[in-house]
Amino acid sequence: MQTLAYGSWPSPIDAALAAAHDGRPEDVDFADDEVWWTEPRPAEGGRRALVRRRADGTQETVLPAPWNVRSRVIEYGGRAWAAVTDARGPLVVFAHFPDQRLYAWRPGGEEPRPLTPVSTVGGGLRWAEPRIHPERGEVWCVLEEFTGDGPADVRRVLAAVPLDGSAAGDRGAVRELTDDRHRFVTGPRISPDGRRAAWLAWDHPRMPWDGTELVLADIAPDGTFRGARTVAGGPEESIAQVDWAPDGSLLHVGDRGGWWNLHRDGTPLCPREEEFGGPLWKLGQRWFAPLDNGLIAVLHGRGAPRLGILDPETGEIADAAGPWTEFAPALAALGERVVAVGASPYSGYEVIELDTRTGHARVIGAAHHDAVDPAYYPRPRVRTFTGPGGREIHAHVYPPHHPGCAAPDDELPPYVVRAHGGPTSRAPLVLDLETAYFTSRGIGVVDVNYGGSTGYGRRYRDRLREQWGVVDVEDCAAVARALADEGAADPDRLAVRGGSAGGWTAAASLATTDVYACGTISYPVLDLTGWSAGETHDFESCYLETLIGPYARVPERYTERSPAEHADRITAPFLLLQGLDDVICPPAQCERFLARMAGRGVPHAYLAFEGEGHGFRRAETMVRALEAELSLYAQVFGLRPGDVPELELTG
């Protein structure tokens with residue numbers, strides 16, 4: 001065991017290794033008896049590849065580069081592919097990210113053929129949650145249509161796209177199934193008898209975790225929807241998912257009791273102070289999946305969700321055995337088989353199949369392989385801290401850890417306080433080599449699930465109402481101070497970092513507290529007035545009405561809370577990272593902020609990346625960003641991290 005200063009421990013986890021393992025499988029589903037999913041390819045320009053696991057266990061990439069299976073509906077996207085199998089084999093329909101057209105393709109056949117028209121300026125078309133109906137010769141999905149140049153010039157409806165390709169050159173060949181009375185809709189779920197369709201809808205200023213409506217319509221023999229009516233939900237109830245049981249009963253997850261619980265025909269099936277759902281950031285996320293035998297696969301729990309099988313008649317849940325302690329909202333079922341995406345603090349996200357007859361679960365795709373000796377992985381601790389007013393703050397603490405190094409007894413470790421994005425989201429407790437990149441070098445990390453985070457009930461989630469920039473900042477600071485008071489962290493070597501909403505929290509923390517010696521701010525919100533006045537996209541354009549308050553009522557609050565308006569208060573060095581193609585938190589926010597920092601003598605660096613949007617996907621970008629972040633901490637904290645390119649800080 002070597003005795004070396006914190007931050008100087010030699011680590012086999014470099015930035016390239018961390019980047020190569022970034023991301024997780026998504027859009028898991030069955031195609032006949034095969035399991036398919038999408039997975040990230042950072043080394044291939046950040047595309048999402050479609051992967052197929054055949055019945056014999058062999059695995060292959062379905063579409064070669066540069067095909068990128070990813071939707072941009074509501075910018076965060078949604079389920080982007082569907083497949084059916086007939087006598088000719090699988091037929092795949094998918095959204096291609098660069099042009100957002102729907103394509104149809106048969107593996108082994110000719111190039112994918114477009115099903116939808118080319119988007120035009122002022123008339124962009126996007127598609128999500130495709131479902132193939134061969135008997136009708138159509139794909140039913142969500143259509144997002146831009147009717148002008150502004151983010152508010154958009155409509156969303158359910159639509160039917162012909163499988164024969166007749167709509168590829170003719171927008172008029174697309175058959176709209178609903179009108180645009182609602183601003184947002186999810187894809188339709190069709191009843192077992194084919195006579196009814198159910199979907200979710202909501203309108204500004206609500207976000208889907210504030211209030212949604214469950215809409216039900218009859219399907220006429222000609223495939224038109226009739227008699228659409230709201231049967232559950234409303235302005236103060238969030239319904240996260242809807243689906244049909246095999247017996248024709250309607251299932252949904254709603255939080256009218258304060259927790260996202262599962263209901264059948266409006267009656268709670270298993271009322272618990274646990275979450276059976278989550279925030280609908282992407283269309284088509286699934287927290288439950290009905291089985292043919294009447295049981296229901298569910299994700300449930302406080303904080304980290306577990307995978308279980310619910311008996312709706314008794315309300316009992318049998319949890320799946322296995323090492324996985326965290327699951328993504330990506331359940332699918334076929335017969336008595338369930339597929340899920342699970343991870344743990346010592347393994348990345350994997351595709352898992354559960355046989356509900358035997359209770360046996362196994363990895364069938366994207367299997368975790370230790371890229372380095374697991375002895376270098378962090379050893380997390382789940383903690384609950386006390387914040388202002390005695391409120392609870394949930395966090396995951398990752399102390400510095402190295403199998404062959406220890407620090408001098410008289411030295412306290414530096415710590416990075418990490419604020420998650422969203423902000424209506426949560427930091428999962430899973431193996432992340434980006435975290436290990438720091439902890440294996442002797443830098444602690446703590447993920448703070450501050451007030452407003454999901455997983456702990458609606459009351460905890462609502463703490464952030466009109467308090468964004470206050471509660472999140474206070475909770476992160478309280479955790480940082482507590483670690484310092486315990487003697488677990490060096491109070492003079494604390495950093496704050498985050499991306500998107502976490503970038504906002506990091507910037508606001510530097511502007512309003514004296515807790516941190518430096519910070520890393522990634523693709524952030526910095527100017528509330530500009531963001532709410534049309535600088536962001538439609539989905540989140542009214543988000544600030546709940547996070548800050550209606551602008552017409554409290555305009556001064558938008559100025560008071562914005563880091564860009566208080567650049568004069570920031571004295572700590574910082575790193576600012578931004579994608580130049582970001583339409584959610586656009587570069588203009590960073591540029592105005594930097595203009596106000598100019599000449600103030602605060603050391604900082606700004607790295608902007610062409611071809612990157614909201615969140616980085618390319619390996620070379622992630623490597624540059626991670627190494628720059630480590631260099632910032634090395635310079636500010638006086639660390640010696642070894643062979644890391646030095647970040648040039650200017651004032």
# chains A, B, ... in the order shown; residues from 1 in each chain; ligands from 1

$ select_by_dssp --residues "segment 398-527 of chain A" --states "strand (DSSP E)" --output "PyMOL selection string"
chain A and resi 398+405-406+415-419+444-449+494-499+518-522

$ write_last_selection --atoms "C-alpha atoms" --output "mmCIF file, in the first residue's frame"
data_model
loop_
_atom_site.group_PDB
_atom_site.id
_atom_site.type_symbol
_atom_site.label_atom_id
_atom_site.label_comp_id
_atom_site.auth_asym_id
_atom_site.auth_seq_id
_atom_site.Cartn_x
_atom_site.Cartn_y
_atom_site.Cartn_z
ATOM 1 C CA TYR A 398 -18.474 7.862 -3.265
ATOM 2 C CA CYS A 405 -3.034 3.674 -2.344
ATOM 3 C CA ALA A 406 -3.890 5.592 0.775
ATOM 4 C CA TYR A 415 -14.770 16.256 -3.024
ATOM 5 C CA VAL A 416 -16.908 16.993 -6.073
ATOM 6 C CA VAL A 417 -20.577 17.676 -5.296
ATOM 7 C CA ARG A 418 -22.623 16.565 -8.290
ATOM 8 C CA ALA A 419 -26.077 18.004 -9.052
ATOM 9 C CA GLY A 444 -14.433 11.949 -3.652
ATOM 10 C CA VAL A 445 -17.771 12.386 -5.396
ATOM 11 C CA VAL A 446 -21.224 12.831 -3.903
ATOM 12 C CA ASP A 447 -24.463 12.709 -5.917
ATOM 13 C CA VAL A 448 -27.153 14.825 -4.267
ATOM 14 C CA ASN A 449 -30.794 13.961 -4.861
ATOM 15 C CA LEU A 494 -14.856 21.299 -2.538
ATOM 16 C CA ALA A 495 -16.115 21.578 -6.115
ATOM 17 C CA VAL A 496 -19.598 21.604 -7.591
ATOM 18 C CA ARG A 497 -20.483 20.239 -11.000
ATOM 19 C CA GLY A 498 -23.534 19.424 -13.086
ATOM 20 C CA GLY A 499 -25.045 19.380 -16.563
ATOM 21 C CA CYS A 518 -14.352 25.840 -8.147
ATOM 22 C CA GLY A 519 -17.011 24.360 -10.391
ATOM 23 C CA THR A 520 -17.734 22.603 -13.681
ATOM 24 C CA ILE A 521 -20.806 23.873 -15.502
ATOM 25 C CA SER A 522 -22.059 21.854 -18.488
#

$ select_by_dssp --residues "segment 304-540 of chain A" --states "helix (DSSP H, G or I)" --output "PDB file with N, CA and C atoms, in the first residue's frame"
ATOM      1  N   PRO A 374     -12.102  -4.713 -10.806  1.00  0.00           N
ATOM      2  CA  PRO A 374     -13.174  -4.097 -10.004  1.00  0.00           C
ATOM      3  C   PRO A 374     -12.697  -3.514  -8.687  1.00  0.00           C
ATOM      4  N   ALA A 375     -11.502  -3.845  -8.278  1.00  0.00           N
ATOM      5  CA  ALA A 375     -10.971  -3.269  -7.044  1.00  0.00           C
ATOM      6  C   ALA A 375     -10.843  -1.760  -7.136  1.00  0.00           C
ATOM      7  N   TYR A 376     -10.846  -1.234  -8.368  1.00  0.00           N
ATOM      8  CA  TYR A 376     -10.737   0.217  -8.563  1.00  0.00           C
ATOM      9  C   TYR A 376     -12.106   0.909  -8.559  1.00  0.00           C
ATOM     10  N   PRO A 388     -31.679  22.565   5.621  1.00  0.00           N
ATOM     11  CA  PRO A 388     -32.341  23.671   6.323  1.00  0.00           C
ATOM     12  C   PRO A 388     -33.749  23.284   6.764  1.00  0.00           C
ATOM     13  N   GLY A 389     -34.106  23.695   7.966  1.00  0.00           N
ATOM     14  CA  GLY A 389     -35.424  23.381   8.497  1.00  0.00           C
ATOM     15  C   GLY A 389     -35.589  21.929   8.879  1.00  0.00           C
ATOM     16  N   GLY A 390     -34.489  21.175   8.929  1.00  0.00           N
ATOM     17  CA  GLY A 390     -34.560  19.768   9.307  1.00  0.00           C
ATOM     18  C   GLY A 390     -35.001  18.839   8.202  1.00  0.00           C
ATOM     19  N   LEU A 433     -18.088   4.849 -14.787  1.00  0.00           N
ATOM     20  CA  LEU A 433     -16.633   4.990 -14.847  1.00  0.00           C
ATOM     21  C   LEU A 433     -16.195   6.445 -14.805  1.00  0.00           C
ATOM     22  N   GLU A 434     -17.107   7.354 -15.091  1.00  0.00           N
ATOM     23  CA  GLU A 434     -16.783   8.775 -14.922  1.00  0.00           C
ATOM     24  C   GLU A 434     -16.585   9.091 -13.437  1.00  0.00           C
ATOM     25  N   THR A 435     -17.423   8.510 -12.594  1.00  0.00           N
ATOM     26  CA  THR A 435     -17.231   8.655 -11.148  1.00  0.00           C
ATOM     27  C   THR A 435     -15.933   7.982 -10.715  1.00  0.00           C
ATOM     28  N   ALA A 436     -15.712   6.759 -11.214  1.00  0.00           N
ATOM     29  CA  ALA A 436     -14.500   6.024 -10.853  1.00  0.00           C
ATOM     30  C   ALA A 436     -13.240   6.734 -11.340  1.00  0.00           C
ATOM     31  N   TYR A 437     -13.355   7.482 -12.427  1.00  0.00           N
ATOM     32  CA  TYR A 437     -12.225   8.267 -12.937  1.00  0.00           C
ATOM     33  C   TYR A 437     -11.688   9.197 -11.853  1.00  0.00           C
ATOM     34  N   PHE A 438     -12.586   9.755 -11.062  1.00  0.00           N
ATOM     35  CA  PHE A 438     -12.172  10.659  -9.983  1.00  0.00           C
ATOM     36  C   PHE A 438     -11.828   9.897  -8.701  1.00  0.00           C
ATOM     37  N   THR A 439     -12.702   8.988  -8.274  1.00  0.00           N
ATOM     38  CA  THR A 439     -12.478   8.332  -6.979  1.00  0.00           C
ATOM     39  C   THR A 439     -11.204   7.503  -6.981  1.00  0.00           C
ATOM     40  N   ARG A 458     -44.462  12.585  -4.240  1.00  0.00           N
ATOM     41  CA  ARG A 458     -44.765  13.895  -4.806  1.00  0.00           C
ATOM     42  C   ARG A 458     -44.409  15.026  -3.850  1.00  0.00           C
ATOM     43  N   ARG A 459     -44.561  14.821  -2.573  1.00  0.00           N
ATOM     44  CA  ARG A 459     -44.258  15.890  -1.623  1.00  0.00           C
ATOM     45  C   ARG A 459     -42.781  16.280  -1.710  1.00  0.00           C
ATOM     46  N   TYR A 460     -41.901  15.301  -1.808  1.00  0.00           N
ATOM     47  CA  TYR A 460     -40.465  15.587  -1.947  1.00  0.00           C
ATOM     48  C   TYR A 460     -40.207  16.280  -3.286  1.00  0.00           C
ATOM     49  N   ARG A 461     -40.901  15.806  -4.326  1.00  0.00           N
ATOM     50  CA  ARG A 461     -40.749  16.378  -5.664  1.00  0.00           C
ATOM     51  C   ARG A 461     -41.211  17.831  -5.706  1.00  0.00           C
ATOM     52  N   ASP A 462     -42.272  18.138  -4.966  1.00  0.00           N
ATOM     53  CA  ASP A 462     -42.837  19.486  -4.996  1.00  0.00           C
ATOM     54  C   ASP A 462     -42.041  20.498  -4.175  1.00  0.00           C
ATOM     55  N   ARG A 463     -41.004  20.055  -3.467  1.00  0.00           N
ATOM     56  CA  ARG A 463     -40.186  21.008  -2.708  1.00  0.00           C
ATOM     57  C   ARG A 463     -39.552  22.072  -3.610  1.00  0.00           C
ATOM     58  N   LEU A 464     -39.396  21.733  -4.871  1.00  0.00           N
ATOM     59  CA  LEU A 464     -38.711  22.653  -5.778  1.00  0.00           C
ATOM     60  C   LEU A 464     -39.668  23.638  -6.443  1.00  0.00           C
ATOM     61  N   VAL A 471     -33.679  25.716  -3.143  1.00  0.00           N
ATOM     62  CA  VAL A 471     -33.646  24.422  -2.473  1.00  0.00           C
ATOM     63  C   VAL A 471     -32.514  23.545  -3.000  1.00  0.00           C
ATOM     64  N   ASP A 472     -32.348  23.472  -4.318  1.00  0.00           N
ATOM     65  CA  ASP A 472     -31.287  22.637  -4.882  1.00  0.00           C
ATOM     66  C   ASP A 472     -29.913  23.123  -4.440  1.00  0.00           C
ATOM     67  N   VAL A 473     -29.722  24.437  -4.440  1.00  0.00           N
ATOM     68  CA  VAL A 473     -28.445  25.013  -4.017  1.00  0.00           C
ATOM     69  C   VAL A 473     -28.218  24.757  -2.526  1.00  0.00           C
ATOM     70  N   GLU A 474     -29.247  24.990  -1.715  1.00  0.00           N
ATOM     71  CA  GLU A 474     -29.120  24.776  -0.268  1.00  0.00           C
ATOM     72  C   GLU A 474     -28.832  23.321   0.060  1.00  0.00           C
ATOM     73  N   ASP A 475     -29.516  22.394  -0.618  1.00  0.00           N
ATOM     74  CA  ASP A 475     -29.328  20.980  -0.311  1.00  0.00           C
ATOM     75  C   ASP A 475     -27.931  20.503  -0.687  1.00  0.00           C
ATOM     76  N   CYS A 476     -27.437  20.930  -1.842  1.00  0.00           N
ATOM     77  CA  CYS A 476     -26.073  20.552  -2.232  1.00  0.00           C
ATOM     78  C   CYS A 476     -25.058  21.122  -1.243  1.00  0.00           C
ATOM     79  N   ALA A 477     -25.257  22.369  -0.843  1.00  0.00           N
ATOM     80  CA  ALA A 477     -24.337  22.993   0.116  1.00  0.00           C
ATOM     81  C   ALA A 477     -24.402  22.300   1.470  1.00  0.00           C
ATOM     82  N   ALA A 478     -25.608  21.900   1.882  1.00  0.00           N
ATOM     83  CA  ALA A 478     -25.750  21.225   3.176  1.00  0.00           C
ATOM     84  C   ALA A 478     -25.002  19.897   3.191  1.00  0.00           C
ATOM     85  N   VAL A 479     -25.067  19.161   2.096  1.00  0.00           N
ATOM     86  CA  VAL A 479     -24.352  17.892   2.009  1.00  0.00           C
ATOM     87  C   VAL A 479     -22.844  18.134   2.020  1.00  0.00           C
ATOM     88  N   ALA A 480     -22.390  19.132   1.264  1.00  0.00           N
ATOM     89  CA  ALA A 480     -20.960  19.445   1.228  1.00  0.00           C
ATOM     90  C   ALA A 480     -20.451  19.832   2.614  1.00  0.00           C
ATOM     91  N   ARG A 481     -21.202  20.697   3.295  1.00  0.00           N
ATOM     92  CA  ARG A 481     -20.782  21.132   4.638  1.00  0.00           C
ATOM     93  C   ARG A 481     -20.798  19.963   5.622  1.00  0.00           C
ATOM     94  N   ALA A 482     -21.785  19.079   5.498  1.00  0.00           N
ATOM     95  CA  ALA A 482     -21.867  17.940   6.406  1.00  0.00           C
ATOM     96  C   ALA A 482     -20.665  17.018   6.241  1.00  0.00           C
ATOM     97  N   LEU A 483     -20.252  16.763   5.003  1.00  0.00           N
ATOM     98  CA  LEU A 483     -19.081  15.931   4.783  1.00  0.00           C
ATOM     99  C   LEU A 483     -17.832  16.580   5.361  1.00  0.00           C
ATOM    100  N   ALA A 484     -17.738  17.896   5.230  1.00  0.00           N
ATOM    101  CA  ALA A 484     -16.597  18.602   5.809  1.00  0.00           C
ATOM    102  C   ALA A 484     -16.646  18.559   7.333  1.00  0.00           C
ATOM    103  N   ASP A 485     -17.835  18.757   7.913  1.00  0.00           N
ATOM    104  CA  ASP A 485     -17.965  18.747   9.374  1.00  0.00           C
ATOM    105  C   ASP A 485     -17.658  17.374   9.957  1.00  0.00           C
ATOM    106  N   ALA A 501     -29.870  21.107 -16.024  1.00  0.00           N
ATOM    107  CA  ALA A 501     -30.352  21.715 -14.777  1.00  0.00           C
ATOM    108  C   ALA A 501     -29.297  21.628 -13.689  1.00  0.00           C
ATOM    109  N   GLY A 502     -28.463  20.580 -13.734  1.00  0.00           N
ATOM    110  CA  GLY A 502     -27.358  20.499 -12.792  1.00  0.00           C
ATOM    111  C   GLY A 502     -26.328  21.576 -13.044  1.00  0.00           C
ATOM    112  N   GLY A 503     -26.182  21.979 -14.312  1.00  0.00           N
ATOM    113  CA  GLY A 503     -25.297  23.094 -14.631  1.00  0.00           C
ATOM    114  C   GLY A 503     -25.816  24.391 -14.051  1.00  0.00           C
ATOM    115  N   TRP A 504     -27.147  24.550 -14.089  1.00  0.00           N
ATOM    116  CA  TRP A 504     -27.766  25.705 -13.427  1.00  0.00           C
ATOM    117  C   TRP A 504     -27.446  25.707 -11.941  1.00  0.00           C
ATOM    118  N   THR A 505     -27.626  24.561 -11.285  1.00  0.00           N
ATOM    119  CA  THR A 505     -27.369  24.483  -9.844  1.00  0.00           C
ATOM    120  C   THR A 505     -25.908  24.766  -9.538  1.00  0.00           C
ATOM    121  N   ALA A 506     -25.007  24.256 -10.372  1.00  0.00           N
ATOM    122  CA  ALA A 506     -23.580  24.520 -10.162  1.00  0.00           C
ATOM    123  C   ALA A 506     -23.280  26.005 -10.289  1.00  0.00           C
ATOM    124  N   ALA A 507     -23.806  26.643 -11.343  1.00  0.00           N
ATOM    125  CA  ALA A 507     -23.552  28.071 -11.540  1.00  0.00           C
ATOM    126  C   ALA A 507     -24.188  28.902 -10.432  1.00  0.00           C
ATOM    127  N   ALA A 508     -25.434  28.563 -10.057  1.00  0.00           N
ATOM    128  CA  ALA A 508     -26.104  29.306  -8.987  1.00  0.00           C
ATOM    129  C   ALA A 508     -25.381  29.113  -7.661  1.00  0.00           C
ATOM    130  N   SER A 509     -24.803  27.945  -7.449  1.00  0.00           N
ATOM    131  CA  SER A 509     -24.053  27.691  -6.216  1.00  0.00           C
ATOM    132  C   SER A 509     -22.812  28.563  -6.142  1.00  0.00           C
ATOM    133  N   LEU A 510     -22.122  28.727  -7.269  1.00  0.00           N
ATOM    134  CA  LEU A 510     -20.940  29.586  -7.280  1.00  0.00           C
ATOM    135  C   LEU A 510     -21.311  31.047  -7.067  1.00  0.00           C
ATOM    136  N   ALA A 511     -22.519  31.423  -7.521  1.00  0.00           N
ATOM    137  CA  ALA A 511     -22.934  32.824  -7.426  1.00  0.00           C
ATOM    138  C   ALA A 511     -23.528  33.186  -6.071  1.00  0.00           C
ATOM    139  N   THR A 512     -24.005  32.194  -5.320  1.00  0.00           N
ATOM    140  CA  THR A 512     -24.757  32.523  -4.098  1.00  0.00           C
ATOM    141  C   THR A 512     -24.207  31.897  -2.827  1.00  0.00           C
ATOM    142  N   LEU A 528     -32.612  33.017 -16.883  1.00  0.00           N
ATOM    143  CA  LEU A 528     -34.009  32.576 -16.844  1.00  0.00           C
ATOM    144  C   LEU A 528     -34.900  33.395 -17.757  1.00  0.00           C
ATOM    145  N   THR A 529     -34.669  34.697 -17.813  1.00  0.00           N
ATOM    146  CA  THR A 529     -35.521  35.559 -18.637  1.00  0.00           C
ATOM    147  C   THR A 529     -35.398  35.179 -20.098  1.00  0.00           C
ATOM    148  N   GLY A 530     -34.169  34.991 -20.569  1.00  0.00           N
ATOM    149  CA  GLY A 530     -33.969  34.608 -21.961  1.00  0.00           C
ATOM    150  C   GLY A 530     -34.503  33.216 -22.252  1.00  0.00           C
ATOM    151  N   TRP A 531     -34.303  32.295 -21.305  1.00  0.00           N
ATOM    152  CA  TRP A 531     -34.737  30.917 -21.508  1.00  0.00           C
ATOM    153  C   TRP A 531     -36.254  30.844 -21.620  1.00  0.00           C
ATOM    154  N   SER A 532     -36.937  31.625 -20.802  1.00  0.00           N
ATOM    155  CA  SER A 532     -38.403  31.588 -20.811  1.00  0.00           C
ATOM    156  C   SER A 532     -39.000  32.405 -21.947  1.00  0.00           C
ATOM    157  N   ALA A 533     -38.179  33.255 -22.573  1.00  0.00           N
ATOM    158  CA  ALA A 533     -38.682  34.133 -23.632  1.00  0.00           C
ATOM    159  C   ALA A 533     -38.476  33.557 -25.023  1.00  0.00           C
ATOM    160  N   GLY A 534     -38.209  32.259 -25.110  1.00  0.00           N
ATOM    161  CA  GLY A 534     -38.128  31.620 -26.418  1.00  0.00           C
ATOM    162  C   GLY A 534     -36.782  31.051 -26.786  1.00  0.00           C
ATOM    163  N   GLU A 535     -35.822  31.063 -25.859  1.00  0.00           N
ATOM    164  CA  GLU A 535     -34.505  30.524 -26.206  1.00  0.00           C
ATOM    165  C   GLU A 535     -34.451  29.002 -26.098  1.00  0.00           C
TER     166      GLU A 535
END

$ atom_distance --atom1 "atom CA of Gly78 of chain A" --atom2 "atom CA of Glu129 of chain A"
6.4 Å

$ closest_residue --among "A:Ala168, A:Leu431, A:Ile74, A:Leu158" --to "Tyr103 of chain A" --atoms "only C-alpha atoms"
A:Ala168

$ closest_residue --among "A:Ala608, A:Glu34, A:Ile190, A:Gly257" --to "Ala588 of chain A" --atoms "only C-alpha atoms"
A:Ala608

$ atom_distance --atom1 "atom CA of Gln578 of chain A" --atom2 "atom CA of Tyr523 of chain A"
4.7 Å

$ atom_distance --atom1 "atom CA of Asp153 of chain A" --atom2 "atom CA of Trp202 of chain A"
16.8 Å
